[in-house]
Every structure is written in structure tokens, then in C-alpha cells.
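Trainee: Have a look at this one.
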Amino acid sequence: MLMNIKYFYFLVFVVTFLSFGLVQDYIRPNYDGGNDVIIYFLGVIPNFLPGIGLPSMFFVTIPDIFKPNTSVYRNRLKLSIIVSMIGLIGNEFITIYTPGRGVFDWNDVLWTIIGGIVFYFLHRRIQNL
């Protein structure tokens, strides 16, 4: 993997997680408007963005941990997406059983998966640079 491409994946991770924090901590709590579409997207963006950013981080860190001749290294794209989706969606399901952690929402699960799909196509685009 070229070094500059590796930094692009790190940049994707940083931008998505900074944006996540911005939406979660500042924009969503301070939005006073009544637009249902904006309210909906402010509700799902904190799930969508990590769906892009977390696989990006795994994709670039796996080569630093596993040797190139291992199956983990060879399947790092697939594993990055699968592990991220299991963790992020599992976190959403935990809200069912953990009082005070929020409310389970199928829209959050859906947008997490959409984020993983966006990462896949973003990865394909990056590889063609």
C-alpha cells in the first residue's frame, strides 16, 4: 500500500470521527428547528459516519499487525467491514439492555450498514487513484 494512500484512509477516519463528535455533541443538541428531515439525519449521522471511519482505520492498521502472508492480511477489506459492522451494530443492540444509554433504532442499524457500503465504494475509488 502506498504511503500517501495510507494517509488518505487515516484522513477518512479522522474526518468521520471529528464530524461524528461535532454532530453528536454540538449540532444535534442545539438544533431548534422543526424540519423532520434534518432531525432524522441528525439522528442517524452519528451511526453513518463511524460506519465509514472505523473500517478505514482497521484497513490501514491490519497491515501493521499481521504479516502479508496471513489470511487476515489478505482479507483485510472484508474483515475491516465485518468487524466494524458487528461492533457498531452490536453497540446499537446494547442500548436495548442498558438503561440510560439511548434508544434502540432500526434506522441507526440501517445507516451503519449504509456507512459500511459507502466505505467499500470509497475504498474502490481510493485504490483506483
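We name chains A, B, ... following the order of the C-alpha cells; residues begin at 1 in each chain, and ligands are numbered from 1 as shown.
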Can you write out as a Markdown table which residues of segment 69-109 of chain A fall within 7 Å of segment 52-59 of chain A, alongside each residue's closest atom pair and its distance in Å to one decimal, counting only C-alpha atoms and ordering rows by chain and ascending residue number?
Mentor:
| residue | atom | partner | partner_atom | distance |
| --- | --- | --- | --- | --- |
| A:Arg76 | CA | A:Phe59 | CA | 6.0 |
| A:Leu77 | CA | A:Phe59 | CA | 6.1 |
| A:Ser80 | CA | A:Pro55 | CA | 4.7 |
| A:Ile81 | CA | A:Pro55 | CA | 5.1 |
| A:Ser84 | CA | A:Pro55 | CA | 5.7 |
Trainee: Residues of chain A classed as helix (DSSP H, G or I) by DSSP on the backbone are to be reported as a PyMOL selection string.
Mentor: chain A and resi 3-30+36-65+71-74+76-97+106-127
Trainee: Write out as a list in words the residues lying within 10 Å of Asp108 of chain A, counting only C-alpha atoms and excluding same-chain residues fewer than 6 positions away.
Mentor: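 That gives Gly43, Val44, Ile45, Pro46, Asn47, Phe48, Leu88, Ile89, Glu92 and Ile114 of chain A.
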Trainee: May I have the residues from that selection written out with C-alpha atoms, as a short mmCIF file (atom, residue, chain, number, x, y, z; two decimals), in the first residue's frame?
Mentor:
data_model
loop_
_atom_site.label_atom_id
_atom_site.label_comp_id
_atom_site.auth_asym_id
_atom_site.auth_seq_id
_atom_site.Cartn_x
_atom_site.Cartn_y
_atom_site.Cartn_z
CA GLY A 43 -30.27 11.24 14.40
CA VAL A 44 -28.62 8.77 12.01
CA ILE A 45 -25.40 10.60 11.06
CA PRO A 46 -23.69 9.51 14.32
CA ASN A 47 -24.15 5.91 13.11
CA PHE A 48 -23.43 6.52 9.44
CA LEU A 88 -21.21 -0.80 15.71
CA ILE A 89 -24.47 -2.69 15.29
CA GLU A 92 -26.81 -0.29 18.99
CA ILE A 114 -25.01 2.13 4.56
#
Trainee: When you draw a straight line from atom CA of Phe8 of chain A to atom CA of Val60 of chain A, how long is it in Å?
Mentor: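 Taking atom CA of Phe8 of chain A and atom CA of Val60 of chain A, their separation equals 9.7 Å.
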Trainee: In Å, rounded to a single decimal, give me how far atom CA of Leu110 of chain A is from atom CA of Val37 of chain A.
Mentor: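 Distance reported for this atom pair: 16.2 Å.
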Trainee: Record the distance separating atom CA of Phe17 of chain A and atom CA of Gln127 of chain A, expressed in Å with one decimal.
Mentor: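 Atom CA of Gln127 of chain A lies 22.0 Å from atom CA of Phe17 of chain A.
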Trainee: Select, from A:Gly21, A:Pro99, A:Gly33, A:Gly87, the residue with the minimum atom-to-atom distance to Leu49 of chain A, counting only C-alpha atoms.
Mentor: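 Smallest distance to Leu49 of chain A is found for A:Gly21.
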Trainee: Need the shell around Ile27 of chain A: protein/DNA/RNA residues with any atom at most 12 Å away, counting only C-alpha atoms. Skip same-chain ones fewer than 2 positions apart. Format as JSON, numbers by chain?
Mentor: {"A": [19, 20, 21, 22, 23, 24, 25, 29, 30, 31, 32, 33, 38, 39, 41, 42, 43, 45, 46]}
Trainee: Could you take the residues named above and write them with N, CA and C atoms, as a PDB file, in the first residue's frame?
Mentor:
ATOM      1  N   SER A  19     -16.366  14.667  12.693  1.00  0.00           N
ATOM      2  CA  SER A  19     -17.722  15.045  12.291  1.00  0.00           C
ATOM      3  C   SER A  19     -18.760  14.389  13.190  1.00  0.00           C
ATOM      4  N   PHE A  20     -18.521  13.137  13.552  1.00  0.00           N
ATOM      5  CA  PHE A  20     -19.401  12.428  14.472  1.00  0.00           C
ATOM      6  C   PHE A  20     -19.517  13.207  15.784  1.00  0.00           C
ATOM      7  N   GLY A  21     -18.385  13.576  16.350  1.00  0.00           N
ATOM      8  CA  GLY A  21     -18.399  14.318  17.612  1.00  0.00           C
ATOM      9  C   GLY A  21     -19.074  15.663  17.480  1.00  0.00           C
ATOM     10  N   LEU A  22     -18.834  16.335  16.374  1.00  0.00           N
ATOM     11  CA  LEU A  22     -19.449  17.635  16.126  1.00  0.00           C
ATOM     12  C   LEU A  22     -20.969  17.517  16.070  1.00  0.00           C
ATOM     13  N   VAL A  23     -21.458  16.538  15.331  1.00  0.00           N
ATOM     14  CA  VAL A  23     -22.912  16.345  15.223  1.00  0.00           C
ATOM     15  C   VAL A  23     -23.490  15.904  16.564  1.00  0.00           C
ATOM     16  N   GLN A  24     -22.865  14.937  17.197  1.00  0.00           N
ATOM     17  CA  GLN A  24     -23.378  14.338  18.435  1.00  0.00           C
ATOM     18  C   GLN A  24     -23.391  15.348  19.594  1.00  0.00           C
ATOM     19  N   ASP A  25     -22.325  16.124  19.720  1.00  0.00           N
ATOM     20  CA  ASP A  25     -22.184  16.974  20.905  1.00  0.00           C
ATOM     21  C   ASP A  25     -22.617  18.415  20.718  1.00  0.00           C
ATOM     22  N   PRO A  29     -27.714  18.636  19.645  1.00  0.00           N
ATOM     23  CA  PRO A  29     -28.348  19.184  20.846  1.00  0.00           C
ATOM     24  C   PRO A  29     -28.793  20.643  20.695  1.00  0.00           C
ATOM     25  N   ASN A  30     -28.191  21.366  19.764  1.00  0.00           N
ATOM     26  CA  ASN A  30     -28.513  22.790  19.622  1.00  0.00           C
ATOM     27  C   ASN A  30     -29.452  23.086  18.452  1.00  0.00           C
ATOM     28  N   TYR A  31     -29.896  22.061  17.759  1.00  0.00           N
ATOM     29  CA  TYR A  31     -30.809  22.306  16.637  1.00  0.00           C
ATOM     30  C   TYR A  31     -32.209  22.570  17.185  1.00  0.00           C
ATOM     31  N   ASP A  32     -32.725  23.747  16.890  1.00  0.00           N
ATOM     32  CA  ASP A  32     -34.036  24.143  17.396  1.00  0.00           C
ATOM     33  C   ASP A  32     -35.106  24.135  16.324  1.00  0.00           C
ATOM     34  N   GLY A  33     -34.732  23.802  15.100  1.00  0.00           N
ATOM     35  CA  GLY A  33     -35.688  23.833  14.002  1.00  0.00           C
ATOM     36  C   GLY A  33     -36.657  22.666  14.061  1.00  0.00           C
ATOM     37  N   ILE A  38     -34.202  17.080   8.609  1.00  0.00           N
ATOM     38  CA  ILE A  38     -32.955  17.433   9.297  1.00  0.00           C
ATOM     39  C   ILE A  38     -32.858  16.691  10.623  1.00  0.00           C
ATOM     40  N   ILE A  39     -33.939  16.617  11.361  1.00  0.00           N
ATOM     41  CA  ILE A  39     -33.958  15.885  12.632  1.00  0.00           C
ATOM     42  C   ILE A  39     -33.615  14.416  12.394  1.00  0.00           C
ATOM     43  N   PHE A  41     -31.845  13.067   9.867  1.00  0.00           N
ATOM     44  CA  PHE A  41     -30.438  12.909   9.508  1.00  0.00           C
ATOM     45  C   PHE A  41     -29.499  13.222  10.676  1.00  0.00           C
ATOM     46  N   LEU A  42     -29.854  14.176  11.520  1.00  0.00           N
ATOM     47  CA  LEU A  42     -29.044  14.416  12.715  1.00  0.00           C
ATOM     48  C   LEU A  42     -29.097  13.227  13.668  1.00  0.00           C
ATOM     49  N   GLY A  43     -30.150  12.439  13.575  1.00  0.00           N
ATOM     50  CA  GLY A  43     -30.267  11.242  14.402  1.00  0.00           C
ATOM     51  C   GLY A  43     -29.462  10.066  13.887  1.00  0.00           C
ATOM     52  N   ILE A  45     -26.787  10.292  11.452  1.00  0.00           N
ATOM     53  CA  ILE A  45     -25.403  10.599  11.064  1.00  0.00           C
ATOM     54  C   ILE A  45     -24.381  10.050  12.072  1.00  0.00           C
ATOM     55  N   PRO A  46     -24.658  10.091  13.390  1.00  0.00           N
ATOM     56  CA  PRO A  46     -23.685   9.513  14.324  1.00  0.00           C
ATOM     57  C   PRO A  46     -23.504   7.995  14.172  1.00  0.00           C
TER      58      PRO A  46
END
